[in-house]
Amino acid sequence: MERTFIPVNPTNISQAPEERLSERLFRLEPKIRYVALNQKGQIQEMRQSPLHPSTNPPESDRIEELIVNPIVLEIAARRGNIDMDGIRYVVIRYGTQYQLLLPYQDGHLSLGVNMEDDPIKIARKVTAALDLRA
């Protein structure tokens, strides 16, 4: 099995013109196992880290990114917008991993994180690196 090396540079995740957001995030935090980017209801990226094999079929990820995650984020944002200064991110604890949902541009960013890793710490690192509301 061939391994892919992902250089880690946590202080700078500037994006080369041809580089995907997922590549930047895998480089920023090697503990991220999965990245999906949904913009205006369309999946722009859906990638598994080469360091972490998938535990579920890609079709279930696709359904999650198109239906489940936008609804979860919308419901939480509606509540947060009433009197809690909005929403920063949502953490879902599945049986096999954490899923982080972050509002991002015209949609959301979804990150899979291993159970042994701290999803709050990773969310803070990503929001800071992408200059999102923390």
# chains A, B, ... in the order shown; residues from 1 in each chain; ligands from 1

$ residues_around --residues "Gly86 (chain A)" --least-positions-apart "5" --cutoff "7 Å" --atoms "only C-alpha atoms" --output "NGL selection string"
:A and (77 or 80-81)

$ write_last_selection --atoms "N, CA and C atoms" --output "mmCIF file, in the first residue's frame"
data_model
loop_
_atom_site.group_PDB
_atom_site.id
_atom_site.type_symbol
_atom_site.label_atom_id
_atom_site.label_comp_id
_atom_site.auth_asym_id
_atom_site.auth_seq_id
_atom_site.Cartn_x
_atom_site.Cartn_y
_atom_site.Cartn_z
ATOM 1 N N ALA A 77 -28.669 27.231 13.246
ATOM 2 C CA ALA A 77 -28.460 28.659 12.969
ATOM 3 C C ALA A 77 -29.721 29.467 13.289
ATOM 4 N N GLY A 80 -29.712 29.865 16.959
ATOM 5 C CA GLY A 80 -28.626 30.750 17.368
ATOM 6 C C GLY A 80 -28.871 32.195 17.011
ATOM 7 N N ASN A 81 -29.569 32.434 15.908
ATOM 8 C CA ASN A 81 -29.833 33.796 15.455
ATOM 9 C C ASN A 81 -30.920 34.508 16.263
#

$ closest_atom_pairs --of "region 29-118 of chain A" --to "region 17-22 of chain A" --cutoff "10 Å" --atoms "only C-alpha atoms" --output "CSV"
residue,atom,partner,partner_atom,distance
A:Ile32,CA,A:Ser22,CA,9.5
A:Tyr34,CA,A:Ser22,CA,8.1
A:Val35,CA,A:Ser22,CA,5.6
A:Ala36,CA,A:Ser22,CA,7.4
A:Leu37,CA,A:Leu21,CA,8.2
A:Gln44,CA,A:Arg20,CA,9.7
A:Glu45,CA,A:Ser22,CA,7.4
A:Met46,CA,A:Ser22,CA,8.0
A:Arg47,CA,A:Ser22,CA,6.8
A:Gln48,CA,A:Ser22,CA,8.7
A:Ser49,CA,A:Ser22,CA,8.5
A:Leu109,CA,A:Ser22,CA,9.7
A:Leu111,CA,A:Ser22,CA,9.3

$ closest_residue --among "A:Asp118, A:Glu64, A:Asp106, A:Asp83" --to "Lys40 (chain A)" --atoms "only C-alpha atoms"
A:Asp106

$ select_by_dssp --residues "chain A" --states "strand (DSSP E or B)" --output "count of residues only"
35

$ residues_around --residues "Val68 (chain A)" --least-positions-apart "5" --cutoff "12 Å" --atoms "only C-alpha atoms" --output "list in words"
Asn38, Gly41, Ser60, Asp61, Arg62, Ile63, Leu73, Glu74, Ile75, Ile92, Gln99, Leu101, His108 and Ser110 of chain A

$ residues_around --residues "region 123-125 of chain A" --least-positions-apart "4" --cutoff "12 Å" --atoms "only C-alpha atoms" --output "PyMOL selection string"
chain A and resi 10-13+25+28-32+88-91+98-103+109-113+117-119+129-134

$ write_last_selection --atoms "C-alpha atoms" --output "mmCIF file, in the first residue's frame"
data_model
loop_
_atom_site.group_PDB
_atom_site.id
_atom_site.type_symbol
_atom_site.label_atom_id
_atom_site.label_comp_id
_atom_site.auth_asym_id
_atom_site.auth_seq_id
_atom_site.Cartn_x
_atom_site.Cartn_y
_atom_site.Cartn_z
ATOM 1 C CA PRO A 10 -0.274 24.840 10.893
ATOM 2 C CA THR A 11 0.559 28.542 10.766
ATOM 3 C CA ASN A 12 0.004 29.097 7.073
ATOM 4 C CA ILE A 13 -2.624 27.482 4.893
ATOM 5 C CA LEU A 25 -7.224 21.514 5.613
ATOM 6 C CA LEU A 28 -3.359 22.216 8.444
ATOM 7 C CA GLU A 29 -4.628 19.381 10.641
ATOM 8 C CA PRO A 30 -3.684 15.765 9.825
ATOM 9 C CA LYS A 31 -6.333 14.559 12.310
ATOM 10 C CA ILE A 32 -9.067 15.613 9.855
ATOM 11 C CA ARG A 88 -20.078 29.088 14.768
ATOM 12 C CA TYR A 89 -20.203 25.315 14.216
ATOM 13 C CA VAL A 90 -22.112 22.151 15.101
ATOM 14 C CA VAL A 91 -20.496 18.961 16.418
ATOM 15 C CA TYR A 98 -17.292 13.241 15.020
ATOM 16 C CA GLN A 99 -18.642 15.425 12.244
ATOM 17 C CA LEU A 100 -18.033 19.179 12.360
ATOM 18 C CA LEU A 101 -20.360 21.434 10.395
ATOM 19 C CA LEU A 102 -19.294 25.022 9.798
ATOM 20 C CA PRO A 103 -21.147 27.750 7.901
ATOM 21 C CA LEU A 109 -17.894 22.940 5.304
ATOM 22 C CA SER A 110 -18.073 19.448 6.794
ATOM 23 C CA LEU A 111 -15.131 17.796 8.560
ATOM 24 C CA GLY A 112 -14.839 14.217 9.800
ATOM 25 C CA VAL A 113 -12.722 13.749 12.933
ATOM 26 C CA ASP A 117 -9.344 13.555 18.668
ATOM 27 C CA ASP A 118 -10.803 16.766 20.084
ATOM 28 C CA PRO A 119 -13.402 18.179 17.669
ATOM 29 C CA ALA A 129 -7.060 29.483 9.766
ATOM 30 C CA LEU A 130 -9.985 30.266 7.448
ATOM 31 C CA ASP A 131 -10.733 33.544 9.231
ATOM 32 C CA LEU A 132 -14.259 32.432 10.123
ATOM 33 C CA ARG A 133 -16.268 33.748 13.054
ATOM 34 C CA ALA A 134 -14.929 32.096 16.215
#

$ atom_distance --atom1 "CA of Asp85 (chain A)" --atom2 "CA of Ile67 (chain A)"
25.0 Å

$ select_by_dssp --residues "chain A" --states "alpha helix (DSSP H)" --output "ChimeraX atom specification"
/A:21-28,58-63,69-83,119-129

$ write_last_selection --atoms "N, CA and C atoms" --output "compact mmCIF listing (two decimals), in the first residue's frame"
# COMPACT_ATOMS: atom_id res chain seq x y z
N LEU A 21 -9.52 23.22 -1.21
CA LEU A 21 -9.67 23.54 0.21
C LEU A 21 -9.37 22.30 1.06
N SER A 22 -9.81 21.14 0.62
CA SER A 22 -9.57 19.92 1.39
C SER A 22 -8.07 19.67 1.57
N GLU A 23 -7.29 19.91 0.55
CA GLU A 23 -5.84 19.72 0.66
C GLU A 23 -5.24 20.67 1.69
N ARG A 24 -5.71 21.91 1.68
CA ARG A 24 -5.24 22.89 2.68
C ARG A 24 -5.57 22.43 4.09
N LEU A 25 -6.80 21.92 4.28
CA LEU A 25 -7.22 21.51 5.61
C LEU A 25 -6.52 20.24 6.07
N PHE A 26 -6.29 19.28 5.17
CA PHE A 26 -5.54 18.08 5.54
C PHE A 26 -4.11 18.46 5.95
N ARG A 27 -3.57 19.45 5.30
CA ARG A 27 -2.22 19.93 5.63
C ARG A 27 -2.22 20.67 6.97
N LEU A 28 -3.24 21.46 7.19
CA LEU A 28 -3.36 22.22 8.44
C LEU A 28 -3.48 21.28 9.64
N PRO A 58 -19.35 6.09 -0.04
CA PRO A 58 -19.41 7.48 -0.51
C PRO A 58 -20.84 7.98 -0.77
N GLU A 59 -21.74 7.09 -1.15
CA GLU A 59 -23.12 7.52 -1.41
C GLU A 59 -23.79 8.03 -0.15
N SER A 60 -23.50 7.42 1.01
CA SER A 60 -24.10 7.92 2.25
C SER A 60 -23.50 9.29 2.61
N ASP A 61 -22.21 9.51 2.30
CA ASP A 61 -21.61 10.84 2.51
C ASP A 61 -22.29 11.87 1.62
N ARG A 62 -22.55 11.51 0.39
CA ARG A 62 -23.19 12.43 -0.55
C ARG A 62 -24.58 12.85 -0.05
N ILE A 63 -25.37 11.89 0.41
CA ILE A 63 -26.70 12.18 0.94
C ILE A 63 -26.58 13.07 2.19
N ASN A 69 -26.75 17.48 6.53
CA ASN A 69 -25.94 18.56 7.12
C ASN A 69 -26.50 19.96 6.87
N PRO A 70 -26.99 20.27 5.67
CA PRO A 70 -27.59 21.61 5.51
C PRO A 70 -28.79 21.84 6.43
N ILE A 71 -29.60 20.81 6.64
CA ILE A 71 -30.77 20.95 7.51
C ILE A 71 -30.35 21.12 8.96
N VAL A 72 -29.41 20.31 9.43
CA VAL A 72 -28.92 20.43 10.80
C VAL A 72 -28.35 21.82 11.04
N LEU A 73 -27.53 22.29 10.12
CA LEU A 73 -26.91 23.60 10.27
C LEU A 73 -27.95 24.72 10.23
N GLU A 74 -28.94 24.60 9.36
CA GLU A 74 -30.00 25.61 9.26
C GLU A 74 -30.82 25.68 10.55
N ILE A 75 -31.18 24.54 11.09
CA ILE A 75 -31.97 24.51 12.33
C ILE A 75 -31.18 25.14 13.48
N ALA A 76 -29.92 24.75 13.61
CA ALA A 76 -29.09 25.30 14.68
C ALA A 76 -28.87 26.80 14.48
N ALA A 77 -28.67 27.23 13.25
CA ALA A 77 -28.46 28.66 12.97
C ALA A 77 -29.72 29.47 13.29
N ARG A 78 -30.88 28.94 12.94
CA ARG A 78 -32.12 29.66 13.26
C ARG A 78 -32.24 29.89 14.76
N ARG A 79 -31.93 28.86 15.53
CA ARG A 79 -31.99 29.02 16.99
C ARG A 79 -30.92 30.01 17.45
N GLY A 80 -29.71 29.87 16.96
CA GLY A 80 -28.63 30.75 17.37
C GLY A 80 -28.87 32.20 17.01
N ASN A 81 -29.57 32.43 15.91
CA ASN A 81 -29.83 33.80 15.45
C ASN A 81 -30.92 34.51 16.26
N ILE A 82 -31.68 33.76 17.05
CA ILE A 82 -32.74 34.40 17.84
C ILE A 82 -32.13 35.30 18.91
N ASP A 83 -31.24 34.76 19.71
CA ASP A 83 -30.68 35.56 20.80
C ASP A 83 -29.32 35.06 21.30
N PRO A 119 -12.75 17.43 18.75
CA PRO A 119 -13.40 18.18 17.67
C PRO A 119 -13.48 19.69 17.93
N ILE A 120 -13.56 20.10 19.18
CA ILE A 120 -13.63 21.53 19.49
C ILE A 120 -12.28 22.19 19.18
N LYS A 121 -11.21 21.55 19.57
CA LYS A 121 -9.88 22.08 19.28
C LYS A 121 -9.66 22.19 17.77
N ILE A 122 -10.08 21.18 17.03
CA ILE A 122 -9.92 21.20 15.57
C ILE A 122 -10.82 22.27 14.95
N ALA A 123 -12.04 22.42 15.45
CA ALA A 123 -12.94 23.46 14.93
C ALA A 123 -12.33 24.84 15.15
N ARG A 124 -11.76 25.07 16.31
CA ARG A 124 -11.13 26.37 16.59
C ARG A 124 -9.95 26.62 15.66
N LYS A 125 -9.16 25.59 15.42
CA LYS A 125 -8.00 25.72 14.54
C LYS A 125 -8.43 26.05 13.11
N VAL A 126 -9.46 25.37 12.63
CA VAL A 126 -9.95 25.59 11.27
C VAL A 126 -10.60 26.97 11.14
N THR A 127 -11.43 27.36 12.10
CA THR A 127 -12.08 28.67 12.01
C THR A 127 -11.05 29.79 12.03
N ALA A 128 -10.00 29.64 12.83
CA ALA A 128 -8.94 30.65 12.86
C ALA A 128 -8.18 30.70 11.53
N ALA A 129 -7.84 29.54 11.01
CA ALA A 129 -7.06 29.48 9.77
C ALA A 129 -7.83 30.02 8.56

$ atom_distance --atom1 "CA of Gln39 (chain A)" --atom2 "CA of Gly95 (chain A)"
27.1 Å
